[in-house]
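Asker: Dropping a structure here in structure tokens format, bear with me for questions.
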Number of protein chains: 2
Amino acid sequence: MIETPYLLFLGDAVDPLAAKVAQGIRDWRPEYALGQFRLEGCKADMGLPDMDLAEAYAAGARTLVIGVANRGGYISESWRAVLRDALEVGFDLASGLHNLLRDDPELAQTAGRLGRALHDVRVPSVAYPIANGVKRTGKRLLAVGTDCSVGKMYTCLAMDAEMRQRGMKCDFRATGQTGILITGGGVPLDAVVADFMAGSIEWLTPDNDADHWDLIEGQGSLFHVSYSGVTLALIHGGQPDALVLCHEPTRPHMRGLPDYQLPSLEALRDTALALAKVGNADCRVIGISVNTQHMGEAEAQAYLAKVEAEMGLPTVDPFRQGAARLVDALE
Amino acid sequence: MIETPYLLFLGDAVDPLAAKVAQGIRDWRPEYALGQFRLEGCKADMGLPDMDLAEAYAAGARTLVIGVANRGGYISESWRAVLRDALEVGFDLASGLHNLLRDDPELAQTAGRLGRALHDVRVPSVAYPIANGVKRTGKRLLAVGTDCSVGKMYTCLAMDAEMRQRGMKCDFRATGQTGILITGGGVPLDAVVADFMAGSIEWLTPDNDADHWDLIEGQGSLFHVSYSGVTLALIHGGQPDALVLCHEPTRPHMRGLPDYQLPSLEALRDTALALAKVGNADCRVIGISVNTQHMGEAEAQAYLAKVEAEMGLPTVDPFRQGAARLVDALE
């Protein structure tokens, strides 16, 4: 686990979108976001106090999180000075960059000398077991999508926020780097070795109280030929009691695959549910989450109503409407 | 690729089963099996000439293959002397042991000094791409199973032998360590990082002649919760035109999973075919391969006839009957 709270490093972000990791932390774990650190020319702003390193450390921050992506995923010279100073001041570092902190000789040496942790969340730090399929206590929900990047993480985080507000027992279980940086822990599933994929999800979602829900971030899609194996490992490692179907209705083809059409929500429901029942015969589909960001309000409302009528399941855009109706379906 | 032909190292095999890798090479690639090297007390015999290292090298052998598994998968002292001498004589080494040749300081140093290759086939040696799903030329067959270890490799190797005999263009494509050692190349899929699984299979089965068949060794099962993700990556990376269903009818439960029953052949057919059609709409199931080793002859024949009638597909045990009827179904 990454030590909290965080100082969010926004660097020289070229636009707000470049700082989407920081924005995710700000939105979903505001209690972790103590302040922000910006370099000259930074075009992102989380609306947090700008703090220097000593100030933030004195205020209690313990990890400097690289909340910004730069072109190429490398560690620029202007960043390195800040990261090195942060280690000297007392911070651990956390990063989802393609180039690893641990592979930077200066940072690795400095961290080693001072006993600081370098969290490269793109790579697993745990020797996961092979899945044993044994039924676990507690409840689990998994988001599955018609495609990649249709809102699976957002849906689970929105449900997590709603459930916490209602006082329900739950944990968002991150399976990708952004989710891991937001919540401070998880499994970087796309970097796990094949034989251990399902086992890593069993490890991530252990026995729990009977009324506790793990909200498992989905990855890929059963219908995306590049990543479908990762999705099936989530379904069988996660033993979900509940599935939420996630969809983005305006996409012309599968992400990165121009020759592949998106499946229907019916096909996703039938395929995912049949495979989920192998691991948990009681699994059911509890609702549908649609990302309507590319639709106007009226068009979105009409689309959601149509899907709800056709599928007979609560259908919401959690960004527009919140996740209350999905949580209702769990209760 | 591993250089051929081989000298098969049988070590101090405690019984013939311990040398099953050597037996596989002897059975399926006899042209690679120039001779055998046995230590005092070896209980396995491939019926090949016993050769010392210099003799085998002079006869043309270029790789010493560790064709035997020992308890724990480590490199014993009695083996190390032979392996070191083999490097000195001119051999490369190939191994599927759990402990890697490259991690043995003495062997690594000797191989480095002499410029010999150490092939640890348990670990990938290629930076595989992410799958792009683009349709490839040539034909592909994939073996899928109701469970792990039901005869998928054997089925593909038997089809490969039959097709070669008929003068058909084909390649057995190994996806596990035994298959890689038998044929000299392949992808150790269970050790590939999640994001690259399907891409490794695209890499393994590239564009080919229109009448060429890749016979892709299956792994795991869509119904085995520990490994199902690996299986789906094979289905979507392989773009199979043809599936063979593999089954072992006497198994009381899924391998290693006492609480999980085997699926029916109907369930395997429907699930695997629907998922395969995502990557190749023309995919079809061409036959069924049953491992009847735990049945008497009459019982086996009756079972095969019953399955053939129920499923309406050629149903054979390739060990008892050869794979001719499966190949007929491809032609």
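Residue names in the structure tokens use chain letters A, B, ... in the order shown, residue numbers from 1 in each chain, and ligand numbers from 1 in the order shown.
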As a compact mmCIF listing (two decimals) with N, CA and C atoms, in the first residue's frame, please: the residues near Ser78 in chain A (cut-off 10 Å, only C-alpha atoms, same-chain neighbours under 4 positions excluded).

Answerer:
```
# COMPACT_ATOMS: atom_id res chain seq x y z
N GLY A 11 3.51 18.73 -12.19
CA GLY A 11 4.60 18.99 -13.13
C GLY A 11 4.31 20.17 -14.02
N ASP A 12 4.62 20.02 -15.30
CA ASP A 12 4.38 21.05 -16.30
C ASP A 12 3.27 20.58 -17.24
N LEU A 39 4.94 23.02 -11.52
CA LEU A 39 6.12 23.65 -12.10
C LEU A 39 5.67 24.82 -12.98
N GLU A 40 6.60 25.69 -13.27
CA GLU A 40 6.40 26.80 -14.22
C GLU A 40 5.66 26.30 -15.47
N VAL A 82 12.80 17.74 -8.61
CA VAL A 82 11.74 17.75 -7.59
C VAL A 82 11.64 16.39 -6.90
N LEU A 83 11.70 15.33 -7.71
CA LEU A 83 11.54 13.99 -7.15
C LEU A 83 12.69 13.68 -6.18
```

Asker: Using only C-alpha atoms, I'd like every residue of chain B that has an atom within 9 Å of chain A; please write them out as a PyMOL selection string.

Answerer: chain B and resi 130-134+189-199+222-237+256-257+259-260+271+274-275+278-279

Asker: Convert the current residue selection to file output with N, CA and C atoms, as a compact mmCIF listing (two decimals), in the first residue's frame.

Answerer:
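Contents of the output file result.txt:
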```txt
# COMPACT_ATOMS: atom_id res chain seq x y z
N ILE B 130 1.29 -6.28 -28.64
CA ILE B 130 -0.13 -6.35 -28.27
C ILE B 130 -0.89 -6.78 -29.53
N ALA B 131 -1.86 -7.66 -29.36
CA ALA B 131 -2.60 -8.18 -30.52
C ALA B 131 -3.30 -7.05 -31.26
N ASN B 132 -3.28 -7.11 -32.60
CA ASN B 132 -3.99 -6.09 -33.38
C ASN B 132 -5.25 -6.63 -34.05
N GLY B 133 -5.48 -7.94 -33.97
CA GLY B 133 -6.72 -8.51 -34.48
C GLY B 133 -6.86 -8.53 -36.00
N VAL B 134 -5.83 -8.10 -36.71
CA VAL B 134 -5.93 -8.06 -38.18
C VAL B 134 -5.99 -9.50 -38.72
N LEU B 189 3.22 -19.76 -23.10
CA LEU B 189 2.13 -18.80 -22.90
C LEU B 189 1.83 -18.55 -21.43
N ASP B 190 1.98 -19.57 -20.59
CA ASP B 190 1.62 -19.35 -19.18
C ASP B 190 2.58 -18.38 -18.49
N ALA B 191 3.71 -18.08 -19.14
CA ALA B 191 4.67 -17.15 -18.54
C ALA B 191 4.68 -15.79 -19.22
N VAL B 192 3.76 -15.57 -20.16
CA VAL B 192 3.69 -14.29 -20.87
C VAL B 192 2.88 -13.30 -20.04
N VAL B 193 3.28 -12.04 -20.07
CA VAL B 193 2.58 -10.99 -19.34
C VAL B 193 1.19 -10.76 -19.97
N ALA B 194 0.20 -10.56 -19.12
CA ALA B 194 -1.21 -10.52 -19.51
C ALA B 194 -1.49 -9.72 -20.79
N ASP B 195 -0.99 -8.51 -20.87
CA ASP B 195 -1.30 -7.65 -22.00
C ASP B 195 -0.82 -8.20 -23.34
N PHE B 196 0.11 -9.12 -23.31
CA PHE B 196 0.75 -9.58 -24.54
C PHE B 196 0.38 -11.01 -24.91
N MET B 197 -0.55 -11.62 -24.17
CA MET B 197 -0.89 -13.03 -24.42
C MET B 197 -1.41 -13.22 -25.84
N ALA B 198 -2.46 -12.51 -26.20
CA ALA B 198 -3.05 -12.71 -27.53
C ALA B 198 -2.05 -12.31 -28.61
N GLY B 199 -1.28 -11.27 -28.35
CA GLY B 199 -0.28 -10.84 -29.33
C GLY B 199 0.80 -11.89 -29.54
N LEU B 222 -11.65 -22.90 -20.94
CA LEU B 222 -12.55 -21.78 -20.63
C LEU B 222 -13.30 -22.02 -19.32
N PHE B 223 -13.38 -23.29 -18.91
CA PHE B 223 -14.13 -23.67 -17.71
C PHE B 223 -13.23 -23.93 -16.51
N HIS B 224 -11.92 -23.68 -16.66
CA HIS B 224 -11.00 -23.87 -15.53
C HIS B 224 -10.66 -22.50 -14.97
N VAL B 225 -11.20 -22.17 -13.80
CA VAL B 225 -11.11 -20.80 -13.31
C VAL B 225 -9.68 -20.32 -13.06
N SER B 226 -8.73 -21.22 -12.90
CA SER B 226 -7.35 -20.78 -12.68
C SER B 226 -6.70 -20.27 -13.96
N TYR B 227 -7.08 -20.83 -15.11
CA TYR B 227 -6.33 -20.59 -16.35
C TYR B 227 -7.19 -20.14 -17.53
N SER B 228 -8.47 -19.88 -17.31
CA SER B 228 -9.37 -19.61 -18.43
C SER B 228 -8.95 -18.40 -19.26
N GLY B 229 -8.31 -17.43 -18.63
CA GLY B 229 -7.88 -16.25 -19.37
C GLY B 229 -6.85 -16.59 -20.44
N VAL B 230 -5.99 -17.54 -20.12
CA VAL B 230 -4.98 -18.00 -21.08
C VAL B 230 -5.67 -18.63 -22.28
N THR B 231 -6.70 -19.43 -22.00
CA THR B 231 -7.44 -20.09 -23.08
C THR B 231 -8.11 -19.07 -24.00
N LEU B 232 -8.72 -18.05 -23.41
CA LEU B 232 -9.42 -17.06 -24.25
C LEU B 232 -8.42 -16.26 -25.09
N ALA B 233 -7.24 -16.00 -24.54
CA ALA B 233 -6.20 -15.31 -25.33
C ALA B 233 -5.80 -16.16 -26.53
N LEU B 234 -5.76 -17.48 -26.36
CA LEU B 234 -5.47 -18.37 -27.49
C LEU B 234 -6.57 -18.31 -28.54
N ILE B 235 -7.81 -18.28 -28.08
CA ILE B 235 -8.94 -18.24 -29.01
C ILE B 235 -8.94 -16.94 -29.80
N HIS B 236 -8.66 -15.82 -29.13
CA HIS B 236 -8.72 -14.53 -29.83
C HIS B 236 -7.41 -14.19 -30.54
N GLY B 237 -6.28 -14.61 -30.01
CA GLY B 237 -5.01 -14.39 -30.71
C GLY B 237 -4.85 -15.34 -31.88
N GLY B 256 -7.36 -30.16 -10.15
CA GLY B 256 -6.92 -29.27 -9.08
C GLY B 256 -8.04 -28.49 -8.42
N LEU B 257 -9.29 -28.66 -8.87
CA LEU B 257 -10.42 -27.89 -8.35
C LEU B 257 -11.53 -28.85 -7.92
N ASP B 259 -14.11 -28.72 -6.23
CA ASP B 259 -15.50 -28.26 -6.18
C ASP B 259 -16.09 -27.94 -7.55
N TYR B 260 -15.34 -28.18 -8.60
CA TYR B 260 -15.80 -27.80 -9.95
C TYR B 260 -15.97 -29.04 -10.83
N THR B 271 -19.79 -22.47 -25.98
CA THR B 271 -19.05 -21.36 -25.39
C THR B 271 -17.83 -21.01 -26.23
N ALA B 274 -18.81 -19.54 -29.81
CA ALA B 274 -19.33 -18.16 -29.77
C ALA B 274 -18.19 -17.17 -29.56
N LEU B 275 -17.25 -17.50 -28.68
CA LEU B 275 -16.13 -16.58 -28.43
C LEU B 275 -15.19 -16.55 -29.63
N VAL B 278 -16.02 -14.12 -32.48
CA VAL B 278 -15.66 -12.71 -32.32
C VAL B 278 -14.43 -12.40 -33.18
N GLY B 279 -13.47 -13.31 -33.22
CA GLY B 279 -12.24 -13.09 -33.97
C GLY B 279 -12.29 -13.63 -35.39
```

Asker: Which residues, written as a PyMOL selection string, have at least one atom at most 8 Å from Tyr74 in chain A, with only C-alpha atoms counted and residues fewer than 2 positions away on the same chain left out?

Answerer: chain A and resi 70-72+76+97-99

Asker: With C-alpha atoms retained, could you export that selection as an mmCIF file, in the first residue's frame?

Answerer:
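Done, and the output landed in again.cif:
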```
data_model
loop_
_atom_site.group_PDB
_atom_site.id
_atom_site.type_symbol
_atom_site.label_atom_id
_atom_site.label_comp_id
_atom_site.auth_asym_id
_atom_site.auth_seq_id
_atom_site.Cartn_x
_atom_site.Cartn_y
_atom_site.Cartn_z
ATOM 1 C CA ASN A 70 3.915 13.399 -20.194
ATOM 2 C CA ARG A 71 4.460 12.402 -23.790
ATOM 3 C CA GLY A 72 6.447 9.165 -23.817
ATOM 4 C CA SER A 76 12.164 14.710 -17.508
ATOM 5 C CA LEU A 97 4.875 6.216 -15.805
ATOM 6 C CA HIS A 98 6.022 3.798 -18.450
ATOM 7 C CA ASN A 99 9.634 4.380 -17.447
#
```

Asker: Could you give me, as a VMD selection string, the residues within 10 Å of His294 in chain A, counting only C-alpha atoms and dropping anything in the same chain fewer than 6 positions from it?

Answerer: chain A and resid 248 to 251 300

Asker: Quote the spacing between CA of Gly90 in chain A and CA of Tyr32 in chain A in Å to one decimal place.

Answerer: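 Going from CA of Gly90 in chain A over to CA of Tyr32 in chain A, I get 17.1 Å.
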
Asker: Would you kindly return, as a list in words, each protein, DNA or RNA residue with an atom no farther than 7 Å from any atom of range 160-175 of chain B, considering only C-alpha atoms and excluding same-chain residues fewer than 3 positions away?

Answerer: Cys156, Leu157, Gly179, Ile180, Gly185, Gly186, Val187, Pro188, Leu189, Asp211, His212, Trp213, Asp214, Leu215, Ile216, Glu217, Ala323, Ala324 and Val327 of chain B

Asker: Go through range 11-189 of chain B and collect every residue that DSSP, computed from the backbone, puts in alpha helix (DSSP H); the answer should be as a count of residues only.

Answerer: 59

Asker: Apply DSSP to the structure's backbone, then extract all residues of range 31-61 of chain A labelled strand (DSSP E or B) and return them as a PyMOL selection string.

Answerer: chain A and resi 33-38+50

Asker: Using the selection just defined, write its residues with C-alpha atoms as a PDB file, in the first residue's frame.

Answerer:
```pdb
ATOM      1  CA  ALA A  33      -5.189  15.063  -1.639  1.00  0.00           C
ATOM      2  CA  LEU A  34      -3.472  17.421   0.783  1.00  0.00           C
ATOM      3  CA  GLY A  35      -1.970  19.788  -1.768  1.00  0.00           C
ATOM      4  CA  GLN A  36      -0.546  20.208  -5.253  1.00  0.00           C
ATOM      5  CA  PHE A  37       2.961  20.929  -6.543  1.00  0.00           C
ATOM      6  CA  ARG A  38       3.181  22.685  -9.909  1.00  0.00           C
ATOM      7  CA  ASP A  50      -0.022  24.974  -3.795  1.00  0.00           C
TER       8      ASP A  50
END
```

Asker: Counting only C-alpha atoms, which residue out of A:Ala54, A:Gly67, A:Gly138, A:Asp27 sits closest to Ala13 in chain A?

Answerer: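 With only C-alpha atoms as the atom set, the closest residue is A:Gly67.
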
Asker: Rank B:Ala22, B:Lys306, B:Gly176, B:Arg284 by their smallest atom-to-atom distance to Leu142 in chain B, using only C-alpha atoms, and report the top residue only.

Answerer: B:Arg284

Asker: Excluding Val307 in chain B and its own-chain neighbours fewer than 2 positions away, which residues fall within 12 Å of it when counting only C-alpha atoms? Please give them as a list in words.

Answerer: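 Counting only C-alpha atoms, the residues come to Leu245, Cys246, His247, Pro249, Ser264, Leu265, Glu266, Gly287, Ile288, Ser289, Val290, Ala300, Gln301, Ala302, Tyr303, Leu304, Ala305, Ala309, Glu310, Met311, Gly312, Leu313, Pro314, Thr315, Val316 and Asp317 of chain B.
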
Asker: Contacts of Met1 in chain A at 12 Å or less, counting only C-alpha atoms, minus same-chain residues fewer than 4 places along, as a PDB file with all heavy atoms, in the first residue's frame?

Answerer:
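Saved as out.pdb:
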```pdb
ATOM      1  N   PRO A   5      -1.527  10.794   3.550  1.00  0.00           N
ATOM      2  CA  PRO A   5      -2.034  11.484   2.353  1.00  0.00           C
ATOM      3  C   PRO A   5      -0.926  11.842   1.364  1.00  0.00           C
ATOM      4  O   PRO A   5       0.244  11.644   1.639  1.00  0.00           O
ATOM      5  CB  PRO A   5      -2.694  12.744   2.933  1.00  0.00           C
ATOM      6  CG  PRO A   5      -1.968  13.006   4.205  1.00  0.00           C
ATOM      7  CD  PRO A   5      -1.546  11.649   4.740  1.00  0.00           C
ATOM      8  N   THR A  63       3.499  10.827   0.620  1.00  0.00           N
ATOM      9  CA  THR A  63       3.896  10.336  -0.700  1.00  0.00           C
ATOM     10  C   THR A  63       3.668  11.426  -1.734  1.00  0.00           C
ATOM     11  O   THR A  63       2.604  12.062  -1.754  1.00  0.00           O
ATOM     12  CB  THR A  63       3.074   9.086  -1.091  1.00  0.00           C
ATOM     13  OG1 THR A  63       3.253   8.075  -0.091  1.00  0.00           O
ATOM     14  CG2 THR A  63       3.522   8.532  -2.445  1.00  0.00           C
ATOM     15  N   ASP A  92       7.938   9.266   0.160  1.00  0.00           N
ATOM     16  CA  ASP A  92       7.989   8.196  -0.826  1.00  0.00           C
ATOM     17  C   ASP A  92       7.501   8.781  -2.153  1.00  0.00           C
ATOM     18  O   ASP A  92       6.873   9.838  -2.186  1.00  0.00           O
ATOM     19  CB  ASP A  92       7.059   7.041  -0.436  1.00  0.00           C
ATOM     20  CG  ASP A  92       7.506   6.324   0.829  1.00  0.00           C
ATOM     21  OD1 ASP A  92       8.699   6.402   1.187  1.00  0.00           O
ATOM     22  OD2 ASP A  92       6.637   5.672   1.454  1.00  0.00           O
ATOM     23  N   ALA A  94       5.333   7.794  -5.873  1.00  0.00           N
ATOM     24  CA  ALA A  94       4.465   6.838  -6.566  1.00  0.00           C
ATOM     25  C   ALA A  94       4.232   7.307  -7.993  1.00  0.00           C
ATOM     26  O   ALA A  94       3.999   8.494  -8.226  1.00  0.00           O
ATOM     27  CB  ALA A  94       3.127   6.698  -5.841  1.00  0.00           C
ATOM     28  N   ALA A 117      10.373   4.507  -0.191  1.00  0.00           N
ATOM     29  CA  ALA A 117       9.769   3.569  -1.148  1.00  0.00           C
ATOM     30  C   ALA A 117       9.523   4.255  -2.488  1.00  0.00           C
ATOM     31  O   ALA A 117       9.095   5.407  -2.534  1.00  0.00           O
ATOM     32  CB  ALA A 117       8.447   3.046  -0.598  1.00  0.00           C
ATOM     33  N   LEU A 118       9.824   3.526  -3.575  1.00  0.00           N
ATOM     34  CA  LEU A 118       9.475   3.966  -4.932  1.00  0.00           C
ATOM     35  C   LEU A 118       8.367   3.038  -5.428  1.00  0.00           C
ATOM     36  O   LEU A 118       8.609   1.862  -5.672  1.00  0.00           O
ATOM     37  CB  LEU A 118      10.700   3.868  -5.860  1.00  0.00           C
ATOM     38  CG  LEU A 118      11.928   4.696  -5.485  1.00  0.00           C
ATOM     39  CD1 LEU A 118      13.048   4.480  -6.514  1.00  0.00           C
ATOM     40  CD2 LEU A 118      11.570   6.187  -5.409  1.00  0.00           C
ATOM     41  N   HIS A 119       7.150   3.554  -5.525  1.00  0.00           N
ATOM     42  CA  HIS A 119       6.012   2.734  -5.963  1.00  0.00           C
ATOM     43  C   HIS A 119       5.805   2.903  -7.468  1.00  0.00           C
ATOM     44  O   HIS A 119       5.255   3.919  -7.900  1.00  0.00           O
ATOM     45  CB  HIS A 119       4.730   3.153  -5.234  1.00  0.00           C
ATOM     46  CG  HIS A 119       4.777   2.972  -3.756  1.00  0.00           C
ATOM     47  ND1 HIS A 119       4.644   1.739  -3.153  1.00  0.00           N
ATOM     48  CD2 HIS A 119       4.949   3.868  -2.745  1.00  0.00           C
ATOM     49  CE1 HIS A 119       4.715   1.887  -1.841  1.00  0.00           C
ATOM     50  NE2 HIS A 119       4.909   3.164  -1.564  1.00  0.00           N
ATOM     51  N   ASP A 120       6.250   1.925  -8.243  1.00  0.00           N
ATOM     52  CA  ASP A 120       5.968   1.924  -9.682  1.00  0.00           C
ATOM     53  C   ASP A 120       4.733   1.064  -9.877  1.00  0.00           C
ATOM     54  O   ASP A 120       4.813  -0.166  -9.928  1.00  0.00           O
ATOM     55  CB  ASP A 120       7.156   1.336 -10.448  1.00  0.00           C
ATOM     56  CG  ASP A 120       8.342   2.277 -10.504  1.00  0.00           C
ATOM     57  OD1 ASP A 120       8.158   3.407 -11.000  1.00  0.00           O
ATOM     58  OD2 ASP A 120       9.441   1.883 -10.073  1.00  0.00           O
ATOM     59  N   VAL A 121       3.571   1.685  -9.988  1.00  0.00           N
ATOM     60  CA  VAL A 121       2.328   0.903  -9.948  1.00  0.00           C
ATOM     61  C   VAL A 121       2.039   0.177 -11.255  1.00  0.00           C
ATOM     62  O   VAL A 121       1.066  -0.566 -11.335  1.00  0.00           O
ATOM     63  CB  VAL A 121       1.113   1.766  -9.533  1.00  0.00           C
ATOM     64  CG1 VAL A 121       1.355   2.407  -8.178  1.00  0.00           C
ATOM     65  CG2 VAL A 121       0.785   2.808 -10.586  1.00  0.00           C
ATOM     66  N   PRO A 124       3.822  -5.401 -10.973  1.00  0.00           N
ATOM     67  CA  PRO A 124       3.409  -6.075  -9.743  1.00  0.00           C
ATOM     68  C   PRO A 124       4.559  -6.122  -8.737  1.00  0.00           C
ATOM     69  O   PRO A 124       5.709  -6.295  -9.115  1.00  0.00           O
ATOM     70  CB  PRO A 124       3.078  -7.502 -10.204  1.00  0.00           C
ATOM     71  CG  PRO A 124       2.980  -7.447 -11.687  1.00  0.00           C
ATOM     72  CD  PRO A 124       3.847  -6.313 -12.128  1.00  0.00           C
ATOM     73  N   SER A 125       4.215  -6.000  -7.466  1.00  0.00           N
ATOM     74  CA  SER A 125       5.228  -6.086  -6.421  1.00  0.00           C
ATOM     75  C   SER A 125       4.980  -7.303  -5.536  1.00  0.00           C
ATOM     76  O   SER A 125       5.645  -7.485  -4.536  1.00  0.00           O
ATOM     77  CB  SER A 125       5.210  -4.807  -5.575  1.00  0.00           C
ATOM     78  OG  SER A 125       3.903  -4.575  -5.098  1.00  0.00           O
ATOM     79  N   VAL A 126       4.032  -8.138  -5.924  1.00  0.00           N
ATOM     80  CA  VAL A 126       3.621  -9.275  -5.105  1.00  0.00           C
ATOM     81  C   VAL A 126       3.787 -10.557  -5.929  1.00  0.00           C
ATOM     82  O   VAL A 126       3.578 -10.546  -7.136  1.00  0.00           O
ATOM     83  CB  VAL A 126       2.131  -9.116  -4.697  1.00  0.00           C
ATOM     84  CG1 VAL A 126       1.590 -10.362  -4.005  1.00  0.00           C
ATOM     85  CG2 VAL A 126       1.941  -7.887  -3.815  1.00  0.00           C
ATOM     86  N   ALA A 174      -8.860  -1.835  -7.110  1.00  0.00           N
ATOM     87  CA  ALA A 174      -8.256  -1.336  -8.341  1.00  0.00           C
ATOM     88  C   ALA A 174      -7.494  -2.437  -9.060  1.00  0.00           C
ATOM     89  O   ALA A 174      -6.785  -3.239  -8.433  1.00  0.00           O
ATOM     90  CB  ALA A 174      -7.312  -0.180  -8.013  1.00  0.00           C
ATOM     91  N   ILE A 180      -5.094   2.252  -8.896  1.00  0.00           N
ATOM     92  CA  ILE A 180      -4.146   1.977  -7.812  1.00  0.00           C
ATOM     93  C   ILE A 180      -3.638   3.279  -7.208  1.00  0.00           C
ATOM     94  O   ILE A 180      -3.559   3.421  -5.978  1.00  0.00           O
ATOM     95  CB  ILE A 180      -2.971   1.115  -8.321  1.00  0.00           C
ATOM     96  CG1 ILE A 180      -3.457  -0.269  -8.749  1.00  0.00           C
ATOM     97  CG2 ILE A 180      -1.893   0.996  -7.236  1.00  0.00           C
ATOM     98  CD1 ILE A 180      -2.401  -1.108  -9.461  1.00  0.00           C
ATOM     99  N   LEU A 181      -3.317   4.260  -8.059  1.00  0.00           N
ATOM    100  CA  LEU A 181      -2.831   5.540  -7.532  1.00  0.00           C
ATOM    101  C   LEU A 181      -3.929   6.269  -6.775  1.00  0.00           C
ATOM    102  O   LEU A 181      -3.673   6.912  -5.763  1.00  0.00           O
ATOM    103  CB  LEU A 181      -2.292   6.413  -8.666  1.00  0.00           C
ATOM    104  CG  LEU A 181      -0.937   5.961  -9.224  1.00  0.00           C
ATOM    105  CD1 LEU A 181      -0.573   6.759 -10.470  1.00  0.00           C
ATOM    106  CD2 LEU A 181       0.167   6.091  -8.173  1.00  0.00           C
ATOM    107  N   ILE A 182      -5.175   6.142  -7.247  1.00  0.00           N
ATOM    108  CA  ILE A 182      -6.286   6.822  -6.566  1.00  0.00           C
ATOM    109  C   ILE A 182      -6.487   6.252  -5.167  1.00  0.00           C
ATOM    110  O   ILE A 182      -6.646   6.989  -4.198  1.00  0.00           O
ATOM    111  CB  ILE A 182      -7.591   6.713  -7.388  1.00  0.00           C
ATOM    112  CG1 ILE A 182      -7.484   7.577  -8.657  1.00  0.00           C
ATOM    113  CG2 ILE A 182      -8.811   7.119  -6.557  1.00  0.00           C
ATOM    114  CD1 ILE A 182      -8.660   7.450  -9.598  1.00  0.00           C
ATOM    115  N   THR A 183      -6.469   4.937  -5.056  1.00  0.00           N
ATOM    116  CA  THR A 183      -6.854   4.334  -3.780  1.00  0.00           C
ATOM    117  C   THR A 183      -5.665   3.853  -2.957  1.00  0.00           C
ATOM    118  O   THR A 183      -5.837   3.473  -1.811  1.00  0.00           O
ATOM    119  CB  THR A 183      -7.792   3.131  -4.023  1.00  0.00           C
ATOM    120  OG1 THR A 183      -7.128   2.183  -4.860  1.00  0.00           O
ATOM    121  CG2 THR A 183      -9.075   3.586  -4.683  1.00  0.00           C
ATOM    122  N   GLY A 184      -4.461   3.837  -3.560  1.00  0.00           N
ATOM    123  CA  GLY A 184      -3.274   3.487  -2.789  1.00  0.00           C
ATOM    124  C   GLY A 184      -2.899   2.024  -2.838  1.00  0.00           C
ATOM    125  O   GLY A 184      -1.917   1.611  -2.219  1.00  0.00           O
ATOM    126  N   GLY A 185      -3.665   1.195  -3.559  1.00  0.00           N
ATOM    127  CA  GLY A 185      -3.308  -0.225  -3.652  1.00  0.00           C
ATOM    128  C   GLY A 185      -4.123  -0.918  -4.715  1.00  0.00           C
ATOM    129  O   GLY A 185      -5.097  -0.361  -5.234  1.00  0.00           O
ATOM    130  N   GLY A 186      -3.720  -2.157  -5.054  1.00  0.00           N
ATOM    131  CA  GLY A 186      -4.445  -2.915  -6.070  1.00  0.00           C
ATOM    132  C   GLY A 186      -3.501  -3.812  -6.855  1.00  0.00           C
ATOM    133  O   GLY A 186      -2.360  -4.019  -6.451  1.00  0.00           O
ATOM    134  N   VAL A 187      -3.996  -4.336  -7.954  1.00  0.00           N
ATOM    135  CA  VAL A 187      -3.221  -5.244  -8.801  1.00  0.00           C
ATOM    136  C   VAL A 187      -3.115  -4.634 -10.208  1.00  0.00           C
ATOM    137  O   VAL A 187      -4.146  -4.362 -10.834  1.00  0.00           O
ATOM    138  CB  VAL A 187      -3.925  -6.620  -8.905  1.00  0.00           C
ATOM    139  CG1 VAL A 187      -3.304  -7.469 -10.014  1.00  0.00           C
ATOM    140  CG2 VAL A 187      -3.856  -7.361  -7.575  1.00  0.00           C
TER     141      VAL A 187
END
```

Asker: Interatomic distance between CA of Gln23 in chain A and CA of Gly218 in chain A?

Answerer: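 Computing it gives 20.0 Å between the two atoms.
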
Asker: With only C-alpha atoms as the basis for distance, which of B:Cys283, B:Ala267, B:Ala158, B:Met51 is at the shortest distance from Arg29 in chain B?

Answerer: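 Nearest candidate to Arg29 in chain B out of B:Cys283, B:Ala267, B:Ala158, B:Met51: B:Ala158.
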
Asker: What does the distance from CA of Gly296 in chain B to CA of Val150 in chain B come to in Å, to one decimal?

Answerer: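 Here the two named atoms are 17.4 Å from each other.
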